[in-house]
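Here is the file work_1.cif (mmCIF, C-alpha atoms and all ligand atoms).
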```
data_protein
loop_
_atom_site.label_atom_id
_atom_site.label_comp_id
_atom_site.auth_asym_id
_atom_site.auth_seq_id
_atom_site.Cartn_x
_atom_site.Cartn_y
_atom_site.Cartn_z
CA MET A 20 -31.63 -2.11 5.43
CA SER A 21 -28.09 -2.05 4.07
CA PHE A 22 -25.67 -4.92 3.55
CA PHE A 23 -22.98 -2.60 4.82
CA THR A 24 -24.40 -1.69 8.21
CA GLY A 25 -22.14 -2.26 11.19
CA ILE A 26 -18.78 -2.68 9.46
CA PRO A 27 -16.29 -1.96 12.27
CA VAL A 28 -13.78 0.76 11.57
CA ALA A 29 -10.28 -0.73 11.27
CA PRO A 30 -7.30 1.06 12.77
CA PRO A 31 -5.40 3.24 10.28
CA ILE A 32 -2.23 1.95 8.59
CA GLU A 33 0.25 3.77 10.76
CA VAL A 34 2.90 4.66 8.20
CA PHE A 35 0.43 6.23 5.75
CA HIS A 36 -1.57 7.80 8.54
CA MET A 37 1.51 9.55 9.97
CA ASN A 38 2.51 10.66 6.49
CA LYS A 39 -0.93 12.22 6.01
CA LEU A 40 -0.71 13.98 9.39
CA PHE A 41 2.60 15.42 8.22
CA MET A 42 1.06 16.60 4.92
CA ASP A 43 -1.82 18.27 6.76
CA GLU A 44 0.48 19.99 9.26
CA THR A 45 0.89 23.72 8.60
CA SER A 46 3.93 24.47 10.78
CA PRO A 47 6.94 25.57 8.69
CA ASP A 48 9.19 23.57 11.05
CA LYS A 49 7.57 20.22 10.28
CA VAL A 50 9.86 17.29 9.41
CA ASN A 51 8.75 14.01 7.84
CA LEU A 52 10.64 10.97 9.14
CA THR A 53 7.76 8.53 8.53
CA ILE A 54 7.38 6.63 5.28
CA GLY A 55 10.34 4.71 3.88
CA ALA A 56 10.98 6.63 0.71
CA TYR A 57 14.16 8.40 -0.46
CA ARG A 58 14.28 12.18 -0.28
CA THR A 59 16.92 14.51 -1.70
CA GLU A 60 18.82 17.15 0.26
CA GLU A 61 15.94 19.47 -0.75
CA GLY A 62 13.43 17.08 0.83
CA LYS A 63 12.04 16.09 -2.58
CA PRO A 64 11.33 12.68 -4.16
CA TRP A 65 13.99 11.66 -6.73
CA VAL A 66 13.38 10.12 -10.12
CA LEU A 67 16.70 8.41 -10.85
CA PRO A 68 18.26 9.93 -14.02
CA VAL A 69 18.81 6.41 -15.37
CA VAL A 70 15.12 5.63 -14.91
CA ARG A 71 14.22 8.77 -16.90
CA GLU A 72 16.62 7.66 -19.64
CA ALA A 73 15.18 4.13 -19.75
CA GLU A 74 11.66 5.59 -19.87
CA ARG A 75 12.63 7.81 -22.82
CA GLN A 76 13.97 4.79 -24.70
CA ILE A 77 10.85 2.74 -23.90
CA ALA A 78 8.54 5.56 -25.02
CA ALA A 79 10.41 5.78 -28.34
CA ASP A 80 10.28 2.03 -28.99
CA GLU A 81 7.36 1.50 -31.34
CA THR A 82 7.75 -2.27 -31.25
CA LEU A 83 6.31 -2.27 -27.73
CA ASN A 84 2.57 -2.56 -27.17
CA HIS A 85 0.07 -3.00 -24.37
CA GLU A 86 -0.71 -6.69 -24.85
CA TYR A 87 -0.92 -8.89 -21.76
CA LEU A 88 2.35 -10.02 -20.24
CA PRO A 89 2.67 -13.72 -19.40
CA VAL A 90 1.02 -14.61 -16.06
CA LEU A 91 4.41 -15.16 -14.40
CA GLY A 92 5.81 -11.93 -15.82
CA LEU A 93 8.17 -10.37 -18.34
CA ASP A 94 10.88 -12.93 -18.92
CA ALA A 95 13.71 -10.39 -19.37
CA PHE A 96 12.75 -8.72 -16.10
CA CYS A 97 12.47 -11.97 -14.09
CA LYS A 98 15.87 -13.11 -15.36
CA ALA A 99 17.51 -9.73 -14.71
CA ALA A 100 16.05 -9.51 -11.20
CA THR A 101 17.04 -13.06 -10.31
CA GLY A 102 20.54 -12.43 -11.68
CA LEU A 103 20.89 -9.23 -9.67
CA LEU A 104 19.95 -11.09 -6.52
CA LEU A 105 21.95 -14.28 -6.88
CA GLY A 106 24.76 -13.06 -9.14
CA ASN A 107 24.60 -14.16 -12.78
CA ASP A 108 27.38 -16.69 -12.26
CA ASN A 109 25.55 -18.35 -9.37
CA LYS A 110 25.43 -22.14 -9.56
CA ALA A 111 21.65 -22.19 -9.05
CA ILE A 112 21.18 -20.02 -12.15
CA GLN A 113 23.76 -21.93 -14.21
CA GLU A 114 22.06 -25.21 -13.32
CA GLY A 115 18.59 -23.88 -14.15
CA ARG A 116 17.36 -24.25 -10.53
CA ALA A 117 16.39 -20.61 -9.96
CA ILE A 118 13.42 -18.79 -11.42
CA GLY A 119 11.69 -15.45 -10.94
CA VAL A 120 8.00 -14.59 -10.80
CA GLN A 121 7.14 -10.96 -11.48
CA CYS A 122 4.92 -9.63 -8.69
CA LEU A 123 3.48 -6.35 -7.46
CA SER A 124 6.51 -5.01 -5.62
CA GLY A 125 7.83 -6.54 -2.41
CA THR A 126 4.37 -6.86 -0.87
CA GLY A 127 2.98 -8.77 -3.86
CA SER A 128 6.03 -11.04 -3.89
CA LEU A 129 5.54 -11.81 -0.21
CA ARG A 130 1.85 -12.39 -0.72
CA MET A 131 2.27 -14.72 -3.72
CA GLY A 132 5.00 -16.63 -1.90
CA ALA A 133 3.00 -16.90 1.31
CA GLU A 134 -0.15 -17.96 -0.51
CA PHE A 135 1.77 -20.63 -2.40
CA LEU A 136 3.37 -21.99 0.77
CA SER A 137 0.09 -22.06 2.62
CA ARG A 138 -2.37 -23.20 -0.05
CA VAL A 139 -0.25 -25.36 -2.33
CA MET A 140 2.36 -26.69 0.09
CA GLY A 141 0.22 -26.75 3.25
CA LEU A 142 2.73 -24.86 5.40
CA LYS A 143 0.80 -23.02 8.09
CA THR A 144 3.32 -21.72 10.62
CA ALA A 145 5.41 -18.61 10.02
CA TYR A 146 8.08 -17.02 12.20
CA LEU A 147 8.47 -13.27 11.87
CA SER A 148 11.15 -11.05 13.31
CA ASN A 149 10.25 -9.09 16.46
CA PRO A 150 10.09 -6.26 15.55
CA THR A 151 9.37 -6.39 11.84
CA TRP A 152 7.90 -4.36 8.98
CA GLY A 153 4.31 -3.41 9.82
CA ASN A 154 2.81 -5.38 6.91
CA HIS A 155 4.42 -8.81 7.32
CA LYS A 156 1.91 -10.16 9.80
CA LEU A 157 -1.11 -9.05 7.78
CA VAL A 158 0.28 -10.53 4.56
CA PHE A 159 0.98 -13.93 6.09
CA LYS A 160 -2.32 -14.01 7.96
CA VAL A 161 -4.41 -13.12 4.92
CA ALA A 162 -2.43 -15.62 2.82
CA GLY A 163 -3.67 -18.44 5.06
CA PHE A 164 -1.02 -18.94 7.74
CA GLU A 165 -2.74 -20.21 10.88
CA THR A 166 0.08 -19.78 13.37
CA ILE A 167 2.20 -16.66 13.23
CA LYS A 168 4.98 -16.53 15.80
CA GLU A 169 7.79 -14.14 16.48
CA TYR A 170 11.47 -14.79 16.94
CA THR A 171 13.45 -12.36 19.07
CA TYR A 172 15.56 -10.03 16.95
CA TRP A 173 16.25 -6.95 18.99
CA ASP A 174 18.10 -6.22 22.18
CA PRO A 175 16.73 -2.79 23.17
CA ALA A 176 19.20 -2.24 26.00
CA ASN A 177 22.23 -2.63 23.76
CA ARG A 178 20.51 -1.52 20.56
CA ALA A 179 21.85 -4.56 18.78
CA VAL A 180 20.71 -7.85 17.25
CA ASN A 181 19.92 -10.35 20.02
CA ILE A 182 21.51 -13.26 18.21
CA GLU A 183 21.54 -15.70 21.13
CA GLN A 184 17.81 -15.39 21.75
CA MET A 185 17.07 -15.39 18.03
CA ILE A 186 18.88 -18.71 17.60
CA ALA A 187 17.20 -20.11 20.73
CA ASP A 188 13.77 -19.12 19.41
CA LEU A 189 14.41 -20.67 16.00
CA GLN A 190 15.63 -23.84 17.68
CA GLN A 191 12.14 -24.19 19.17
CA ALA A 192 10.37 -23.77 15.82
CA PRO A 193 8.53 -26.87 14.58
CA GLU A 194 9.87 -28.47 11.40
CA LYS A 195 8.63 -26.92 8.15
CA SER A 196 7.94 -23.57 9.75
CA VAL A 197 8.54 -20.65 7.39
CA VAL A 198 11.11 -18.18 8.68
CA VAL A 199 10.90 -14.66 7.28
CA LEU A 200 14.29 -12.92 7.27
CA HIS A 201 15.22 -9.41 6.17
CA GLY A 202 17.96 -9.79 3.54
CA CYS A 203 19.61 -6.46 4.32
CA ALA A 204 18.83 -3.16 6.06
CA HIS A 205 16.41 -4.66 8.58
CA ASN A 206 13.16 -2.70 8.79
CA PRO A 207 12.57 -1.14 11.32
CA THR A 208 15.82 -1.51 13.30
CA GLY A 209 18.41 -0.75 10.59
CA MET A 210 20.70 -3.35 12.19
CA ASP A 211 21.70 -6.55 10.35
CA PRO A 212 23.33 -9.72 11.66
CA THR A 213 27.08 -10.01 11.01
CA HIS A 214 28.32 -12.63 8.53
CA ASP A 215 29.16 -14.97 11.41
CA GLU A 216 25.69 -14.49 12.85
CA TRP A 217 24.12 -15.22 9.46
CA LYS A 218 26.10 -18.47 9.39
CA ARG A 219 24.55 -19.48 12.71
CA ILE A 220 21.06 -18.58 11.46
CA ALA A 221 21.57 -20.69 8.31
CA GLN A 222 22.74 -23.61 10.43
CA VAL A 223 19.68 -23.61 12.69
CA ILE A 224 17.37 -23.34 9.67
CA LYS A 225 19.10 -26.33 8.15
CA ASP A 226 19.17 -28.38 11.36
CA ARG A 227 15.51 -27.72 12.17
CA HIS A 228 14.27 -28.21 8.55
CA LEU A 229 12.77 -24.75 8.39
CA PHE A 230 11.89 -22.96 5.15
CA THR A 231 13.67 -19.70 4.36
CA PHE A 232 11.71 -16.74 3.06
CA PHE A 233 13.93 -13.68 2.58
CA ASP A 234 12.44 -10.23 2.13
CA ILE A 235 14.94 -7.93 0.42
CA ALA A 236 13.53 -4.49 -0.22
CA TYR A 237 16.81 -2.53 -0.21
CA GLN A 238 19.37 -4.38 -2.32
CA GLY A 239 22.11 -1.92 -3.26
CA PHE A 240 20.44 0.83 -1.33
CA ALA A 241 21.85 -0.32 1.99
CA SER A 242 25.58 -0.35 1.33
CA GLY A 243 25.72 1.08 -2.20
CA ASP A 244 26.85 -2.34 -3.45
CA PRO A 245 24.13 -4.79 -4.60
CA ASP A 246 26.46 -7.79 -4.31
CA SER A 247 27.43 -7.23 -0.71
CA ASP A 248 23.80 -6.54 0.26
CA ALA A 249 22.86 -9.95 -1.18
CA TRP A 250 25.58 -11.80 0.76
CA PRO A 251 23.27 -13.61 3.24
CA ILE A 252 21.07 -14.95 0.44
CA ARG A 253 24.04 -16.22 -1.55
CA TYR A 254 25.53 -17.75 1.59
CA PHE A 255 22.29 -19.61 2.40
CA LEU A 256 22.27 -20.95 -1.18
CA ASP A 257 25.83 -22.18 -0.82
CA GLN A 258 24.61 -24.16 2.20
CA GLY A 259 22.11 -25.96 -0.04
CA LEU A 260 19.01 -24.25 1.35
CA GLU A 261 15.99 -23.84 -0.90
CA MET A 262 14.20 -20.54 -0.56
CA PHE A 263 11.77 -17.87 -1.62
CA VAL A 264 13.05 -14.30 -1.87
CA ALA A 265 10.72 -11.30 -2.20
CA GLN A 266 12.51 -8.51 -4.09
CA SER A 267 11.27 -4.96 -4.37
CA PHE A 268 12.43 -2.32 -6.85
CA ALA A 269 10.57 0.48 -5.07
CA LYS A 270 13.56 1.85 -3.19
CA ASN A 271 16.62 0.91 -5.22
CA PHE A 272 15.05 2.14 -8.48
CA GLY A 273 12.79 4.77 -6.89
CA LEU A 274 9.83 3.03 -8.58
CA TYR A 275 7.54 3.20 -5.56
CA ASN A 276 4.22 3.49 -7.37
CA GLU A 277 5.04 1.19 -10.29
CA ARG A 278 4.79 -1.85 -7.99
CA VAL A 279 7.60 -3.80 -9.55
CA GLY A 280 8.92 -6.81 -7.69
CA ASN A 281 10.11 -10.34 -8.18
CA LEU A 282 9.71 -13.54 -6.24
CA THR A 283 12.93 -15.47 -6.74
CA VAL A 284 12.60 -19.17 -6.07
CA VAL A 285 15.53 -21.55 -5.76
CA PHE A 286 14.99 -25.33 -5.90
CA ASN A 287 17.48 -28.06 -5.12
CA ASP A 288 16.07 -30.11 -7.97
CA LYS A 289 15.03 -28.36 -11.17
CA SER A 290 12.43 -31.04 -11.93
CA ALA A 291 10.22 -29.25 -9.35
CA ILE A 292 9.93 -26.20 -11.63
CA ALA A 293 7.14 -27.56 -13.86
CA GLY A 294 4.83 -28.22 -10.90
CA PHE A 295 5.77 -24.98 -9.20
CA SER A 296 5.22 -22.80 -12.27
CA SER A 297 1.89 -24.36 -13.17
CA GLN A 298 0.53 -24.01 -9.61
CA MET A 299 1.98 -20.52 -9.17
CA SER A 300 0.29 -19.48 -12.43
CA LEU A 301 -3.05 -20.30 -10.78
CA VAL A 302 -2.18 -18.38 -7.62
CA VAL A 303 -1.27 -15.30 -9.70
CA ARG A 304 -4.26 -15.78 -12.01
CA ALA A 305 -6.60 -15.60 -9.01
CA ASN A 306 -4.95 -12.38 -7.79
CA TRP A 307 -4.02 -10.05 -10.66
CA SER A 308 -3.87 -12.46 -13.57
CA ASN A 309 -1.10 -10.62 -15.45
CA PRO A 310 1.42 -8.15 -14.06
CA PRO A 311 1.88 -4.54 -15.26
CA ALA A 312 4.65 -3.86 -17.78
CA HIS A 313 6.11 -0.40 -17.32
CA GLY A 314 8.27 -0.78 -14.21
CA ALA A 315 9.42 -4.23 -15.27
CA ARG A 316 10.54 -2.88 -18.66
CA VAL A 317 12.48 -0.09 -16.97
CA VAL A 318 14.31 -2.47 -14.61
CA ALA A 319 14.99 -5.01 -17.38
CA LYS A 320 16.39 -2.30 -19.66
CA VAL A 321 18.64 -0.77 -17.00
CA LEU A 322 20.02 -4.06 -15.71
CA GLY A 323 20.44 -5.42 -19.24
CA ASP A 324 22.49 -2.52 -20.63
CA PRO A 325 26.05 -2.10 -19.30
CA GLU A 326 26.01 1.72 -19.62
CA LEU A 327 22.62 2.14 -17.96
CA ARG A 328 23.57 -0.35 -15.28
CA LYS A 329 26.67 1.71 -14.51
CA SER A 330 24.50 4.83 -14.11
CA TRP A 331 22.21 2.89 -11.77
CA HIS A 332 25.18 1.93 -9.63
CA GLU A 333 26.10 5.62 -9.41
CA ALA A 334 22.54 6.51 -8.38
CA ILE A 335 22.35 3.95 -5.58
CA LYS A 336 25.75 5.13 -4.38
CA THR A 337 24.46 8.73 -4.32
CA MET A 338 21.46 7.66 -2.24
CA SER A 339 23.33 5.45 0.20
CA ASP A 340 26.10 8.06 0.65
CA ARG A 341 23.58 10.76 1.50
CA ILE A 342 21.97 8.46 4.05
CA LYS A 343 25.36 7.81 5.66
CA GLN A 344 26.07 11.55 5.83
CA MET A 345 22.74 12.20 7.52
CA ARG A 346 23.35 9.42 10.03
CA ALA A 347 26.69 10.99 10.94
CA ALA A 348 25.14 14.47 11.13
CA LEU A 349 22.31 13.38 13.44
CA ARG A 350 24.67 11.52 15.74
CA SER A 351 27.20 14.36 15.95
CA ASN A 352 24.47 16.93 16.63
CA LEU A 353 23.04 14.81 19.47
CA GLU A 354 26.49 14.20 20.93
CA ALA A 355 27.36 17.90 20.70
CA LEU A 356 24.19 18.71 22.63
CA GLY A 357 25.12 16.12 25.26
CA THR A 358 21.71 14.50 24.79
CA PRO A 359 21.29 11.85 27.52
CA GLY A 360 21.83 8.30 26.21
CA LYS A 361 24.16 6.72 23.65
CA TRP A 362 23.77 7.60 19.99
CA ASP A 363 26.49 5.57 18.30
CA HIS A 364 23.88 3.06 17.07
CA ILE A 365 22.69 5.67 14.57
CA THR A 366 25.87 5.31 12.53
CA LYS A 367 26.17 1.56 13.09
CA MET A 368 22.78 1.00 11.49
CA ILE A 369 22.36 0.86 7.71
CA GLY A 370 19.67 1.55 5.14
CA LEU A 371 16.80 3.96 5.40
CA PHE A 372 15.82 3.44 9.00
CA SER A 373 17.04 3.96 12.50
CA TYR A 374 15.40 2.56 15.55
CA THR A 375 16.03 5.48 17.84
CA GLY A 376 14.99 3.86 21.11
CA LEU A 377 12.48 6.67 21.76
CA THR A 378 9.37 5.52 23.64
CA PRO A 379 5.81 5.95 22.29
CA GLU A 380 5.33 8.84 24.77
CA GLN A 381 8.47 10.55 23.54
CA VAL A 382 7.35 10.04 19.94
CA ASP A 383 4.01 11.63 20.78
CA HIS A 384 5.82 14.59 22.32
CA LEU A 385 8.07 14.99 19.28
CA VAL A 386 5.08 14.99 16.97
CA LYS A 387 2.88 17.30 19.04
CA LYS A 388 5.45 19.78 20.30
CA HIS A 389 8.11 19.81 17.59
CA LYS A 390 6.18 18.64 14.52
CA VAL A 391 8.77 15.95 13.89
CA PHE A 392 6.77 13.01 12.51
CA LEU A 393 7.95 9.44 13.06
CA LEU A 394 6.48 6.02 13.87
CA SER A 395 5.32 5.16 17.39
CA ASP A 396 7.99 2.45 17.76
CA GLY A 397 10.65 5.16 17.42
CA ARG A 398 11.61 4.32 13.82
CA ILE A 399 12.86 7.26 11.76
CA ASN A 400 13.48 7.47 8.04
CA ILE A 401 16.97 8.95 7.86
CA CYS A 402 16.24 10.35 4.37
CA GLY A 403 13.83 12.82 5.87
CA LEU A 404 16.87 14.58 7.31
CA ASN A 405 18.91 17.16 5.40
CA THR A 406 21.54 19.75 6.25
CA LYS A 407 18.80 22.34 6.88
CA ASN A 408 16.71 20.36 9.38
CA VAL A 409 19.08 17.94 11.10
CA GLU A 410 20.04 20.39 13.83
CA TYR A 411 16.37 21.18 14.48
CA VAL A 412 15.58 17.45 14.77
CA ALA A 413 18.52 16.84 17.12
CA LYS A 414 17.40 19.72 19.35
CA ALA A 415 13.85 18.41 19.33
CA ILE A 416 15.05 14.93 20.36
CA ASP A 417 17.28 16.50 23.00
CA GLU A 418 14.42 18.49 24.53
CA THR A 419 12.15 15.42 24.39
CA VAL A 420 14.62 13.09 26.09
CA ARG A 421 15.24 15.61 28.86
CA SER A 422 11.58 16.47 29.52
C1 LIG A 501 7.99 1.65 5.02
O1 LIG A 501 8.34 0.71 5.75
O2 LIG A 501 7.84 2.82 5.44
C2 LIG A 501 7.76 1.42 3.57
O3 LIG A 501 8.19 0.14 3.20
C3 LIG A 501 6.39 1.74 3.15
C4 LIG A 501 5.39 0.71 3.58
O4 LIG A 501 4.69 0.19 2.71
O5 LIG A 501 5.27 0.43 4.77
#
```

Represent the structure from my file as structure tokens, please.
Amino acid sequence: MSFFTGIPVAPPIEVFHMNKLFMDETSPDKVNLTIGAYRTEEGKPWVLPVVREAERQIAADETLNHEYLPVLGLDAFCKAATGLLLGNDNKAIQEGRAIGVQCLSGTGSLRMGAEFLSRVMGLKTAYLSNPTWGNHKLVFKVAGFETIKEYTYWDPANRAVNIEQMIADLQQAPEKSVVVLHGCAHNPTGMDPTHDEWKRIAQVIKDRHLFTFFDIAYQGFASGDPDSDAWPIRYFLDQGLEMFVAQSFAKNFGLYNERVGNLTVVFNDKSAIAGFSSQMSLVVRANWSNPPAHGARVVAKVLGDPELRKSWHEAIKTMSDRIKQMRAALRSNLEALGTPGKWDHITKMIGLFSYTGLTPEQVDHLVKKHKVFLLSDGRINICGLNTKNVEYVAKAIDETVRS
């Protein structure tokens, strides 16, 4: 007899599974467009020079030790992250109505936020974007949400945001539903609402008394400018909306495996902070008790030092510029080949991803025949492209679309 007999085998986590298939592939032509991580022109991961510099300074600082951090995180990090998101001169910060909770990257921030909403505040209905990041549903389900619904986001025929249907869906949401929105560089589509569309979304959230939960995993990475990427969040705040915002520093600092994130919380009345912080301390205590220090120290140091911060701005510009170049290169290669279909959406989209519009069958063909690895919904990570493989990928897509 074993306690473990009969455990059903769960389906693999697609993004990591596809990445592993790529790693195991022996063809010299193989191209990895799966996992959302930055790659250089040489196809290599990139440790940002400013991160290396901050790490050198941290390693040399003998005043630092390995004692526990406070349950809610390193204060300098939480303040720096919240300031980056809202802008240090934001009214909510000036009035002491905004706080940060250090969490394990974007996922941990989502999970802590969702668990708080469900267990402490009794909110049980969440609305997720259709389509959305592959982990959102699991996080909200495991955190205790009983009803998880989708709002329309995508118009596949026009490869654009379906704003009319999105608004109509949100208008049907029961009061106190939690609406999860992608702050910038929507994953997987790569297409964000315009400012006017964001204004309409804020209005329906306000009218229907819905709770806003932004997920922003690409601040600065999307446009190269952290302030303009945070525009929707700052706009919602100006409209008097309270919110949770899950911030990740995986992409914009390249700190993927350090799991450094922040849950920014903005209250209309700062007297709520005492209750929130005490209850959130228990939620965190039951999960990881105290967060890890290294990544948080790096981010706090870089954002807190004008020279280092300037270097970080240069690094995010380097990354977002390379992504833009690869978008243009893929589109122009496809157009030069006369590949059936329209490809202008590739350069209209921003951030790491493009929703190509390829069907699951076409994706399967691309993987099997051409060794171009991507997700079954047709999402590609633009960073996997470089000047050496973009023509190969365009030809592979061309052959696939025609066959
Ligand atoms: C992605 O979307 O590829 C990344 O955010 C990695 C992940 O955890 O899914």

Could you check how far atom CA of Gln190 of chain A sits from atom CA of Glu261 of chain A, in Å to one decimal?
->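 Between these atoms lies a distance of 18.6 Å.
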
Counting all atoms listed in the file, which residues of chain A sit at most 9 Å from some atom of ligand LIG 501 (chain A), and what is each one's closest atom pair with its distance in Å to one decimal, listed by chain and rising residue number, as JSON lines?
```
{"residue": "A:Ile32", "atom": "CA", "partner": "A:LIG501", "partner_atom": "O5", "distance": 8.6}
{"residue": "A:Glu33", "atom": "CA", "partner": "A:LIG501", "partner_atom": "O5", "distance": 8.5}
{"residue": "A:Val34", "atom": "CA", "partner": "A:LIG501", "partner_atom": "O5", "distance": 5.9}
{"residue": "A:Phe35", "atom": "CA", "partner": "A:LIG501", "partner_atom": "O5", "distance": 7.6}
{"residue": "A:Thr53", "atom": "CA", "partner": "A:LIG501", "partner_atom": "O2", "distance": 6.5}
{"residue": "A:Ile54", "atom": "CA", "partner": "A:LIG501", "partner_atom": "O2", "distance": 3.8}
{"residue": "A:Gly55", "atom": "CA", "partner": "A:LIG501", "partner_atom": "O2", "distance": 3.5}
{"residue": "A:Ala56", "atom": "CA", "partner": "A:LIG501", "partner_atom": "C2", "distance": 6.8}
{"residue": "A:Gly125", "atom": "CA", "partner": "A:LIG501", "partner_atom": "O3", "distance": 8.7}
{"residue": "A:Thr126", "atom": "CA", "partner": "A:LIG501", "partner_atom": "O4", "distance": 7.9}
{"residue": "A:Trp152", "atom": "CA", "partner": "A:LIG501", "partner_atom": "O1", "distance": 6.0}
{"residue": "A:Gly153", "atom": "CA", "partner": "A:LIG501", "partner_atom": "O5", "distance": 6.4}
{"residue": "A:Asn154", "atom": "CA", "partner": "A:LIG501", "partner_atom": "O5", "distance": 6.7}
{"residue": "A:Asn206", "atom": "CA", "partner": "A:LIG501", "partner_atom": "O1", "distance": 6.6}
{"residue": "A:Pro207", "atom": "CA", "partner": "A:LIG501", "partner_atom": "O1", "distance": 7.2}
{"residue": "A:Ala236", "atom": "CA", "partner": "A:LIG501", "partner_atom": "O3", "distance": 7.9}
{"residue": "A:Ala269", "atom": "CA", "partner": "A:LIG501", "partner_atom": "O3", "distance": 8.6}
{"residue": "A:Lys270", "atom": "CA", "partner": "A:LIG501", "partner_atom": "O3", "distance": 8.5}
{"residue": "A:Tyr275", "atom": "CA", "partner": "A:LIG501", "partner_atom": "C3", "distance": 8.9}
{"residue": "A:Phe372", "atom": "CA", "partner": "A:LIG501", "partner_atom": "O1", "distance": 8.6}
{"residue": "A:Asn400", "atom": "CA", "partner": "A:LIG501", "partner_atom": "O2", "distance": 7.8}
```

Is there a way to get, as a PDB file with C-alpha atoms, in the frame of the given file, all residues within 10 Å of the point (26.5, 14.1, 15.3) in file coordinates, counting all atoms listed in the file?
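Okay, this is what ended up in part24.pdb:
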```
ATOM      1  CA  GLN A 344      26.070  11.550   5.830  1.00  0.00           C
ATOM      2  CA  MET A 345      22.740  12.200   7.520  1.00  0.00           C
ATOM      3  CA  ARG A 346      23.350   9.420  10.030  1.00  0.00           C
ATOM      4  CA  ALA A 347      26.690  10.990  10.940  1.00  0.00           C
ATOM      5  CA  ALA A 348      25.140  14.470  11.130  1.00  0.00           C
ATOM      6  CA  LEU A 349      22.310  13.380  13.440  1.00  0.00           C
ATOM      7  CA  ARG A 350      24.670  11.520  15.740  1.00  0.00           C
ATOM      8  CA  SER A 351      27.200  14.360  15.950  1.00  0.00           C
ATOM      9  CA  ASN A 352      24.470  16.930  16.630  1.00  0.00           C
ATOM     10  CA  LEU A 353      23.040  14.810  19.470  1.00  0.00           C
ATOM     11  CA  GLU A 354      26.490  14.200  20.930  1.00  0.00           C
ATOM     12  CA  ALA A 355      27.360  17.900  20.700  1.00  0.00           C
ATOM     13  CA  LEU A 356      24.190  18.710  22.630  1.00  0.00           C
ATOM     14  CA  TRP A 362      23.770   7.600  19.990  1.00  0.00           C
ATOM     15  CA  ASP A 363      26.490   5.570  18.300  1.00  0.00           C
ATOM     16  CA  ILE A 365      22.690   5.670  14.570  1.00  0.00           C
ATOM     17  CA  THR A 366      25.870   5.310  12.530  1.00  0.00           C
ATOM     18  CA  VAL A 409      19.080  17.940  11.100  1.00  0.00           C
ATOM     19  CA  GLU A 410      20.040  20.390  13.830  1.00  0.00           C
ATOM     20  CA  ALA A 413      18.520  16.840  17.120  1.00  0.00           C
TER      21      ALA A 413
END
```

One decimal place gives the atom CA of Asn287 of chain A-atom CA of Asp226 of chain A separation as 16.6 Å

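Close to (26.9, -12.1, 13.9), meaning no more than 12 Å away when counting only C-alpha atoms, sit the residues Tyr172, Ala179, Val180, Asn181, Ile182, Glu183, Met185, Ile186, Met210, Asp211, Pro212, Thr213, His214, Asp215, Glu216, Trp217, Lys218, Arg219, Ile220, Ala221 and Pro251 of chain A.
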
File dump, residues just selected, C-alpha atoms, as a short mmCIF file (atom, residue, chain, number, x, y, z; two decimals), keeping the file's coordinate frame:
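result-v4.cif written:
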```cif
data_model
loop_
_atom_site.label_atom_id
_atom_site.label_comp_id
_atom_site.auth_asym_id
_atom_site.auth_seq_id
_atom_site.Cartn_x
_atom_site.Cartn_y
_atom_site.Cartn_z
CA TYR A 172 15.56 -10.03 16.95
CA ALA A 179 21.85 -4.56 18.78
CA VAL A 180 20.71 -7.85 17.25
CA ASN A 181 19.92 -10.35 20.02
CA ILE A 182 21.51 -13.26 18.21
CA GLU A 183 21.54 -15.70 21.13
CA MET A 185 17.07 -15.39 18.03
CA ILE A 186 18.88 -18.71 17.60
CA MET A 210 20.70 -3.35 12.19
CA ASP A 211 21.70 -6.55 10.35
CA PRO A 212 23.33 -9.72 11.66
CA THR A 213 27.08 -10.01 11.01
CA HIS A 214 28.32 -12.63 8.53
CA ASP A 215 29.16 -14.97 11.41
CA GLU A 216 25.69 -14.49 12.85
CA TRP A 217 24.12 -15.22 9.46
CA LYS A 218 26.10 -18.47 9.39
CA ARG A 219 24.55 -19.48 12.71
CA ILE A 220 21.06 -18.58 11.46
CA ALA A 221 21.57 -20.69 8.31
CA PRO A 251 23.27 -13.61 3.24
#
```
